>>> print(open('run.pdb').read())   # PDB, C-alpha atoms
ATOM      1  CA  MET A   1     -43.582 -40.606 -56.890
ATOM      2  CA  LEU A   2     -41.886 -43.786 -58.138
ATOM      3  CA  ASP A   3     -45.229 -45.208 -59.286
ATOM      4  CA  ALA A   4     -46.028 -42.013 -61.192
ATOM      5  CA  SER A   5     -42.555 -41.867 -62.744
ATOM      6  CA  ARG A   6     -42.849 -45.400 -64.166
ATOM      7  CA  LYS A   7     -45.977 -44.347 -66.096
ATOM      8  CA  LEU A   8     -44.330 -41.391 -67.846
ATOM      9  CA  GLY A   9     -43.117 -43.390 -70.852
ATOM     10  CA  ILE A  10     -40.510 -41.462 -72.837
ATOM     11  CA  TYR A  11     -40.579 -38.740 -70.177
ATOM     12  CA  ARG A  12     -39.510 -41.172 -67.464
ATOM     13  CA  ASN A  13     -36.413 -40.074 -65.507
ATOM     14  CA  PRO A  14     -34.433 -43.214 -64.534
ATOM     15  CA  ALA A  15     -31.592 -41.263 -62.868
ATOM     16  CA  MET A  16     -34.115 -39.573 -60.570
ATOM     17  CA  GLU A  17     -35.763 -42.917 -59.775
ATOM     18  CA  SER A  18     -32.475 -44.557 -58.802
ATOM     19  CA  ASP A  19     -31.600 -41.532 -56.662
ATOM     20  CA  VAL A  20     -34.947 -41.836 -54.866
ATOM     21  CA  HIS A  21     -34.286 -45.546 -54.221
ATOM     22  CA  ARG A  22     -30.912 -44.610 -52.673
ATOM     23  CA  LYS A  23     -32.602 -41.996 -50.485
ATOM     24  CA  MET A  24     -35.185 -44.561 -49.352
ATOM     25  CA  ALA A  25     -32.363 -47.018 -48.674
ATOM     26  CA  ASN A  26     -30.679 -44.394 -46.523
ATOM     27  CA  CYS A  27     -33.891 -43.908 -44.496
ATOM     28  CA  TYR A  28     -34.309 -47.645 -43.893
ATOM     29  CA  GLU A  29     -30.608 -47.884 -43.073
ATOM     30  CA  MET A  30     -30.967 -45.231 -40.353
ATOM     31  CA  MET A  31     -33.972 -47.157 -38.981
ATOM     32  CA  GLY A  32     -31.861 -50.318 -38.793
ATOM     33  CA  ASP A  33     -33.910 -52.143 -41.453
ATOM     34  CA  TYR A  34     -30.884 -53.203 -43.498
ATOM     35  CA  GLU A  35     -32.669 -55.841 -45.590
ATOM     36  CA  THR A  36     -35.171 -53.307 -46.963
ATOM     37  CA  ALA A  37     -32.383 -50.769 -47.416
ATOM     38  CA  LEU A  38     -30.431 -53.322 -49.437
ATOM     39  CA  SER A  39     -33.464 -54.107 -51.627
ATOM     40  CA  HIS A  40     -33.815 -50.421 -52.547
ATOM     41  CA  VAL A  41     -30.108 -50.116 -53.370
ATOM     42  CA  ARG A  42     -30.372 -53.133 -55.657
ATOM     43  CA  LEU A  43     -33.409 -51.639 -57.404
ATOM     44  CA  ALA A  44     -31.292 -48.517 -57.981
ATOM     45  CA  MET A  45     -28.495 -50.728 -59.341
ATOM     46  CA  GLU A  46     -30.881 -52.377 -61.784
ATOM     47  CA  ILE A  47     -32.085 -49.010 -63.109
ATOM     48  CA  ASP A  48     -28.579 -47.531 -63.330
ATOM     49  CA  SER A  49     -27.178 -50.614 -65.085
ATOM     50  CA  LEU A  50     -29.939 -50.583 -67.709
ATOM     51  CA  ASN A  51     -29.363 -46.883 -68.364
ATOM     52  CA  ASN A  52     -25.530 -46.900 -68.269
ATOM     53  CA  ASN A  53     -25.522 -44.391 -65.402
ATOM     54  CA  LEU A  54     -21.902 -44.734 -64.247
ATOM     55  CA  ILE A  55     -22.069 -42.141 -61.454
ATOM     56  CA  GLY A  56     -25.240 -43.801 -60.186
ATOM     57  CA  ARG A  57     -23.654 -47.268 -60.234
ATOM     58  CA  ILE A  58     -20.671 -45.980 -58.239
ATOM     59  CA  ALA A  59     -23.070 -44.544 -55.634
ATOM     60  CA  ASP A  60     -25.038 -47.814 -55.601
ATOM     61  CA  TYR A  61     -22.022 -50.012 -54.888
ATOM     62  CA  ARG A  62     -20.763 -47.563 -52.287
ATOM     63  CA  GLN A  63     -24.093 -47.610 -50.433
ATOM     64  CA  GLU A  64     -24.415 -51.390 -50.770
ATOM     65  CA  GLY A  65     -20.935 -51.799 -49.281
ATOM     66  CA  LYS A  66     -21.738 -49.699 -46.234
ATOM     67  CA  ILE A  67     -25.031 -51.519 -45.591
ATOM     68  CA  LEU A  68     -23.329 -54.910 -45.836
ATOM     69  CA  ILE A  69     -20.699 -53.748 -43.337
ATOM     70  CA  TYR A  70     -23.460 -52.610 -40.946
ATOM     71  CA  MET A  71     -24.960 -56.103 -41.331
ATOM     72  CA  GLY A  72     -21.648 -57.619 -40.218
ATOM     73  CA  LEU A  73     -20.743 -58.840 -43.704
ATOM     74  CA  SER A  74     -17.419 -56.990 -43.863
ATOM     75  CA  LEU A  75     -15.798 -59.003 -46.658
ATOM     76  CA  ASN A  76     -18.874 -58.616 -48.878
ATOM     77  CA  GLY A  77     -18.958 -54.923 -48.020
ATOM     78  CA  ILE A  78     -15.300 -54.516 -48.958
ATOM     79  CA  GLY A  79     -16.052 -56.207 -52.291
ATOM     80  CA  SER A  80     -18.805 -53.696 -53.067
ATOM     81  CA  LEU A  81     -16.691 -50.700 -52.025
ATOM     82  CA  GLU A  82     -13.772 -51.904 -54.153
ATOM     83  CA  LYS A  83     -16.193 -52.364 -57.077
ATOM     84  CA  ALA A  84     -17.253 -48.722 -56.635
ATOM     85  CA  LEU A  85     -13.601 -47.675 -56.700
ATOM     86  CA  SER A  86     -12.815 -49.769 -59.777
ATOM     87  CA  LEU A  87     -15.687 -48.087 -61.629
ATOM     88  CA  SER A  88     -14.424 -44.654 -60.590
ATOM     89  CA  GLU A  89     -10.765 -45.364 -61.392
ATOM     90  CA  GLY A  90      -9.223 -42.387 -63.135
ATOM     91  CA  MET A  91     -12.231 -40.183 -62.376
ATOM     92  CA  ASP A  92     -11.192 -38.995 -58.915
ATOM     93  CA  GLN A  93      -9.137 -36.055 -60.244
ATOM     94  CA  SER A  94     -11.758 -34.850 -62.730
ATOM     95  CA  LEU A  95     -14.834 -35.161 -60.519
ATOM     96  CA  LYS A  96     -15.886 -32.269 -58.333
ATOM     97  CA  GLY A  97     -17.957 -31.692 -55.233
ATOM     98  CA  ILE A  98     -20.063 -34.480 -53.797
ATOM     99  CA  ASN A  99     -18.865 -37.096 -56.312
ATOM    100  CA  LYS A 100     -15.222 -36.541 -55.395
ATOM    101  CA  LEU A 101     -16.115 -36.681 -51.701
ATOM    102  CA  SER A 102     -17.960 -39.972 -52.271
ATOM    103  CA  ILE A 103     -14.805 -41.508 -53.722
ATOM    104  CA  ALA A 104     -12.743 -40.081 -50.855
ATOM    105  CA  ASP A 105     -15.202 -41.574 -48.381
ATOM    106  CA  ASN A 106     -14.869 -44.963 -50.115
ATOM    107  CA  TYR A 107     -11.099 -44.818 -49.721
ATOM    108  CA  LEU A 108     -11.394 -43.848 -46.055
ATOM    109  CA  VAL A 109     -13.883 -46.607 -45.152
ATOM    110  CA  LEU A 110     -11.682 -49.194 -46.874
ATOM    111  CA  GLY A 111      -8.617 -47.836 -45.092
ATOM    112  CA  GLN A 112     -10.344 -48.128 -41.731
ATOM    113  CA  LEU A 113     -11.584 -51.658 -42.466
ATOM    114  CA  TYR A 114      -8.184 -52.901 -43.629
ATOM    115  CA  SER A 115      -6.639 -51.302 -40.552
ATOM    116  CA  VAL A 116      -8.966 -53.286 -38.268
ATOM    117  CA  MET A 117      -8.137 -56.435 -40.258
ATOM    118  CA  GLY A 118      -4.410 -55.839 -39.708
ATOM    119  CA  ARG A 119      -3.656 -55.263 -43.394
ATOM    120  CA  SER A 120      -1.620 -52.131 -42.773
ATOM    121  CA  GLU A 121      -0.145 -51.675 -46.261
ATOM    122  CA  LYS A 122      -3.556 -51.515 -47.932
ATOM    123  CA  ALA A 123      -4.903 -49.424 -45.054
ATOM    124  CA  LEU A 124      -2.143 -46.823 -45.509
ATOM    125  CA  ASP A 125      -2.635 -46.771 -49.284
ATOM    126  CA  TYR A 126      -6.398 -46.234 -49.215
ATOM    127  CA  THR A 127      -6.347 -43.745 -46.331
ATOM    128  CA  GLY A 128      -3.556 -41.736 -47.990
ATOM    129  CA  LYS A 129      -5.633 -41.483 -51.176
ATOM    130  CA  ALA A 130      -8.626 -40.363 -49.128
ATOM    131  CA  LEU A 131      -6.574 -37.644 -47.444
ATOM    132  CA  VAL A 132      -5.390 -36.239 -50.803
ATOM    133  CA  LEU A 133      -8.963 -35.992 -52.106
ATOM    134  CA  PHE A 134     -10.305 -34.466 -48.883
ATOM    135  CA  ILE A 135      -7.565 -31.811 -48.991
ATOM    136  CA  GLN A 136      -8.346 -31.065 -52.652
ATOM    137  CA  ALA A 137     -12.047 -30.731 -51.805
ATOM    138  CA  ASN A 138     -11.248 -28.591 -48.739
ATOM    139  CA  ASP A 139     -13.216 -30.991 -46.524
ATOM    140  CA  GLY A 140     -11.937 -30.432 -42.993
ATOM    141  CA  ARG A 141     -13.854 -33.268 -41.356
ATOM    142  CA  GLY A 142     -12.581 -35.786 -43.911
ATOM    143  CA  GLU A 143      -9.049 -34.481 -43.480
ATOM    144  CA  MET A 144      -9.373 -34.836 -39.698
ATOM    145  CA  GLU A 145     -10.684 -38.424 -39.942
ATOM    146  CA  SER A 146      -8.020 -39.440 -42.476
ATOM    147  CA  ASN A 147      -5.158 -38.143 -40.342
ATOM    148  CA  LEU A 148      -6.581 -39.856 -37.262
ATOM    149  CA  THR A 149      -6.894 -43.153 -39.159
ATOM    150  CA  LEU A 150      -3.309 -42.817 -40.416
ATOM    151  CA  ALA A 151      -2.205 -42.114 -36.841
ATOM    152  CA  ASN A 152      -3.902 -45.309 -35.646
ATOM    153  CA  ILE A 153      -2.264 -47.360 -38.398
ATOM    154  CA  ASN A 154       1.187 -45.934 -37.605
ATOM    155  CA  SER A 155       0.630 -46.608 -33.914
ATOM    156  CA  ASP A 156      -0.203 -50.244 -34.697
ATOM    157  CA  LEU A 157       2.983 -50.443 -36.774
ATOM    158  CA  GLY A 158       5.006 -49.121 -33.810
ATOM    159  CA  ASP A 159       5.858 -45.772 -35.446
ATOM    160  CA  ILE A 160       4.991 -43.658 -32.413
ATOM    161  CA  ILE A 161       6.634 -40.493 -33.759
ATOM    162  CA  ASP A 162       4.457 -40.366 -36.867
ATOM    163  CA  ALA A 163       1.456 -41.548 -34.859
ATOM    164  CA  LYS A 164       1.774 -38.594 -32.486
ATOM    165  CA  ARG A 165       2.452 -36.129 -35.309
ATOM    166  CA  LEU A 166      -0.639 -37.231 -37.246
ATOM    167  CA  THR A 167      -2.791 -37.268 -34.109
ATOM    168  CA  ASP A 168      -1.733 -33.699 -33.329
ATOM    169  CA  LEU A 169      -2.588 -32.627 -36.901
ATOM    170  CA  SER A 170      -5.985 -34.293 -36.654
ATOM    171  CA  MET A 171      -6.646 -32.784 -33.228
ATOM    172  CA  LYS A 172      -5.888 -29.262 -34.467
ATOM    173  CA  LYS A 173      -8.289 -29.758 -37.365
ATOM    174  CA  ALA A 174     -10.967 -31.094 -34.990
ATOM    175  CA  ALA A 175     -10.535 -28.125 -32.644
ATOM    176  CA  GLY A 176     -10.875 -25.723 -35.594
ATOM    177  CA  LEU A 177     -14.147 -27.414 -36.548
ATOM    178  CA  ASN A 178     -15.421 -27.486 -32.936
ATOM    179  CA  LEU A 179     -15.469 -31.289 -32.999
ATOM    180  CA  GLY A 180     -14.785 -33.632 -30.093
ATOM    181  CA  THR A 181     -11.250 -34.889 -29.467
ATOM    182  CA  SER A 182     -11.823 -37.846 -27.125
ATOM    183  CA  ARG A 183     -10.540 -40.344 -29.722
ATOM    184  CA  HIS A 184      -7.437 -38.216 -30.207
ATOM    185  CA  ASN A 185      -6.684 -38.106 -26.492
ATOM    186  CA  GLN A 186      -7.243 -41.852 -26.216
ATOM    187  CA  LEU A 187      -4.757 -42.468 -29.030
ATOM    188  CA  LEU A 188      -2.232 -40.038 -27.532
ATOM    189  CA  ALA A 189      -2.476 -41.938 -24.241
ATOM    190  CA  SER A 190      -1.858 -45.198 -26.101
ATOM    191  CA  VAL A 191       1.128 -43.686 -27.920
ATOM    192  CA  ALA A 192       2.555 -42.357 -24.637
ATOM    193  CA  LEU A 193       2.161 -45.823 -23.095
ATOM    194  CA  ARG A 194       4.017 -47.414 -26.021
ATOM    195  CA  ALA A 195       6.794 -44.859 -25.538
ATOM    196  CA  GLY A 196       7.011 -45.740 -21.843
ATOM    197  CA  ASN A 197       5.758 -42.318 -20.760
ATOM    198  CA  MET A 198       3.491 -43.273 -17.860
ATOM    199  CA  LYS A 199       3.411 -39.829 -16.247
ATOM    200  CA  VAL A 200       0.206 -37.790 -16.662
ATOM    201  CA  PRO A 201       0.738 -34.008 -16.392
ATOM    202  CA  CYS A 202      -0.468 -32.570 -13.086
ATOM    203  CA  VAL A 203      -2.816 -30.103 -14.809
ATOM    204  CA  THR A 204      -4.515 -33.022 -16.602
ATOM    205  CA  ARG A 205      -4.927 -34.975 -13.354
ATOM    206  CA  LYS A 206      -6.365 -31.894 -11.665
ATOM    207  CA  LYS A 207      -8.889 -31.310 -14.471
ATOM    208  CA  LEU A 208      -9.918 -34.968 -14.359
ATOM    209  CA  TRP A 209     -10.313 -34.843 -10.558
ATOM    210  CA  LEU A 210     -12.445 -31.684 -10.763
ATOM    211  CA  ARG A 211     -14.623 -33.225 -13.485
ATOM    212  CA  LEU A 212     -15.198 -36.369 -11.426
ATOM    213  CA  LYS A 213     -15.884 -34.248  -8.316
ATOM    214  CA  SER A 214     -18.523 -32.237 -10.139
ATOM    215  CA  THR A 215     -20.475 -35.412 -11.028
ATOM    216  CA  GLU A 216     -20.705 -36.648  -7.421
TER     217      GLU A 216
END
>>> encode(input="run.pdb", output="structure tokens")
Amino acid sequence: MLDASRKLGIYRNPAMESDVHRKMANCYEMMGDYETALSHVRLAMEIDSLNNNLIGRIADYRQEGKILIYMGLSLNGIGSLEKALSLSEGMDQSLKGINKLSIADNYLVLGQLYSVMGRSEKALDYTGKALVLFIQANDGRGEMESNLTLANINSDLGDIIDAKRLTDLSMKKAAGLNLGTSRHNQLLASVALRAGNMKVPCVTRKKLWLRLKSTE
């Protein structure tokens, strides 16, 4: 398809070509071939830059950032994600649908990365922005992930009250979406430990015992 498109002359569709390169990058990414994935993203970047496709360039930098992070190049990945955000600055309120969710996802990934790096202030800022956009877009999964990330950050900061409150909010959203809550329970256990609450409710111990018994 790409070969045919290049021969169309004035009828060539560069935006479609760059989108196809991003889709191919996604396929190689899922196969673990990050080098080939990266080459396709950079071909998309070249096309989008030549054709002043701003939305495409934002998507390119976002995808490049994620691939670099998967390759273990976190600082480079952060640079690409922040480039995507700088290009989209001021657009987050006017964009709709998948484009708004892409920006929200950028914010969330950066929030999670800065949290792991111990840069709590930036982590809170980016994750808070992600949460606002996910709520506006009515994206329950994004809202759940954002609240859970905020809970983790607050737990690291020693604010166990907010950590528990945000974990409970995230858990309710996860339950409503029929999603797993193992990460929530793990964080709640950590919060309880920080608060000095070592006692596990009897009903929880009984359920755990029955589950272990059933696997014997």
>>> resolve_selection(input="run.pdb", expression="the PyMOL selection byres ((chain A and resi 7-20) around 8)", output="compact mmCIF listing (two decimals) with C-alpha atoms, keeping the file's coordinate frame")
# COMPACT_ATOMS: atom_id res chain seq x y z
CA LEU A 2 -41.89 -43.79 -58.14
CA ASP A 3 -45.23 -45.21 -59.29
CA ALA A 4 -46.03 -42.01 -61.19
CA SER A 5 -42.56 -41.87 -62.74
CA ARG A 6 -42.85 -45.40 -64.17
CA HIS A 21 -34.29 -45.55 -54.22
CA ARG A 22 -30.91 -44.61 -52.67
CA LYS A 23 -32.60 -42.00 -50.48
CA MET A 24 -35.18 -44.56 -49.35
CA LEU A 43 -33.41 -51.64 -57.40
CA ALA A 44 -31.29 -48.52 -57.98
CA MET A 45 -28.50 -50.73 -59.34
CA ILE A 47 -32.08 -49.01 -63.11
CA ASP A 48 -28.58 -47.53 -63.33
CA ASN A 51 -29.36 -46.88 -68.36
CA ASN A 53 -25.52 -44.39 -65.40
CA GLY A 56 -25.24 -43.80 -60.19
>>> residues_around(input="run.pdb", residues="Met171 in chain A", least_positions_apart="4", cutoff="12 Å", atoms="only C-alpha atoms", output="list in words")
Gly140, Arg141, Glu143, Met144, Glu145, Ser146, Asn147, Leu148, Thr149, Ala151, Lys164, Arg165, Leu166, Thr167, Ala175, Gly176, Leu177, Asn178, Leu179, Gly180, Thr181, Ser182, Arg183, His184, Asn185, Gln186, Leu187 and Leu188 of chain A
>>> resolve_selection(input="run.pdb", expression="the PyMOL selection byres ((chain A and resi 79) around 12)", output="list in words")
Tyr61, Arg62, Gln63, Glu64, Gly65, Lys66, Leu68, Ile69, Leu73, Ser74, Leu75, Asn76, Gly77, Ile78, Ser80, Leu81, Glu82, Lys83, Ala84, Leu85, Ser86, Asn106, Leu110 and Leu113 of chain A
>>> residues_around(input="run.pdb", residues="Ile67 in chain A", least_positions_apart="4", cutoff="8 Å", atoms="all atoms listed in the file", output="JSON, numbers by chain")
{"A": [29, 34, 37, 38, 63, 71, 77]}
>>> resolve_selection(input="run.pdb", expression="the PyMOL selection byres ((chain A and resi 123-129) around 10)", output="ChimeraX atom specification")
/A:92,103-122,130-134,145-151,153-154
>>> atom_distance(input="run.pdb", atom1="CA of Ala25 in chain A", atom2="CA of Asp60 in chain A")
10.1 Å
>>> atom_distance(input="run.pdb", atom1="CA of Met1 in chain A", atom2="CA of Ser102 in chain A")
26.0 Å
>>> atom_distance(input="run.pdb", atom1="CA of Ala163 in chain A", atom2="CA of Tyr70 in chain A")
27.9 Å
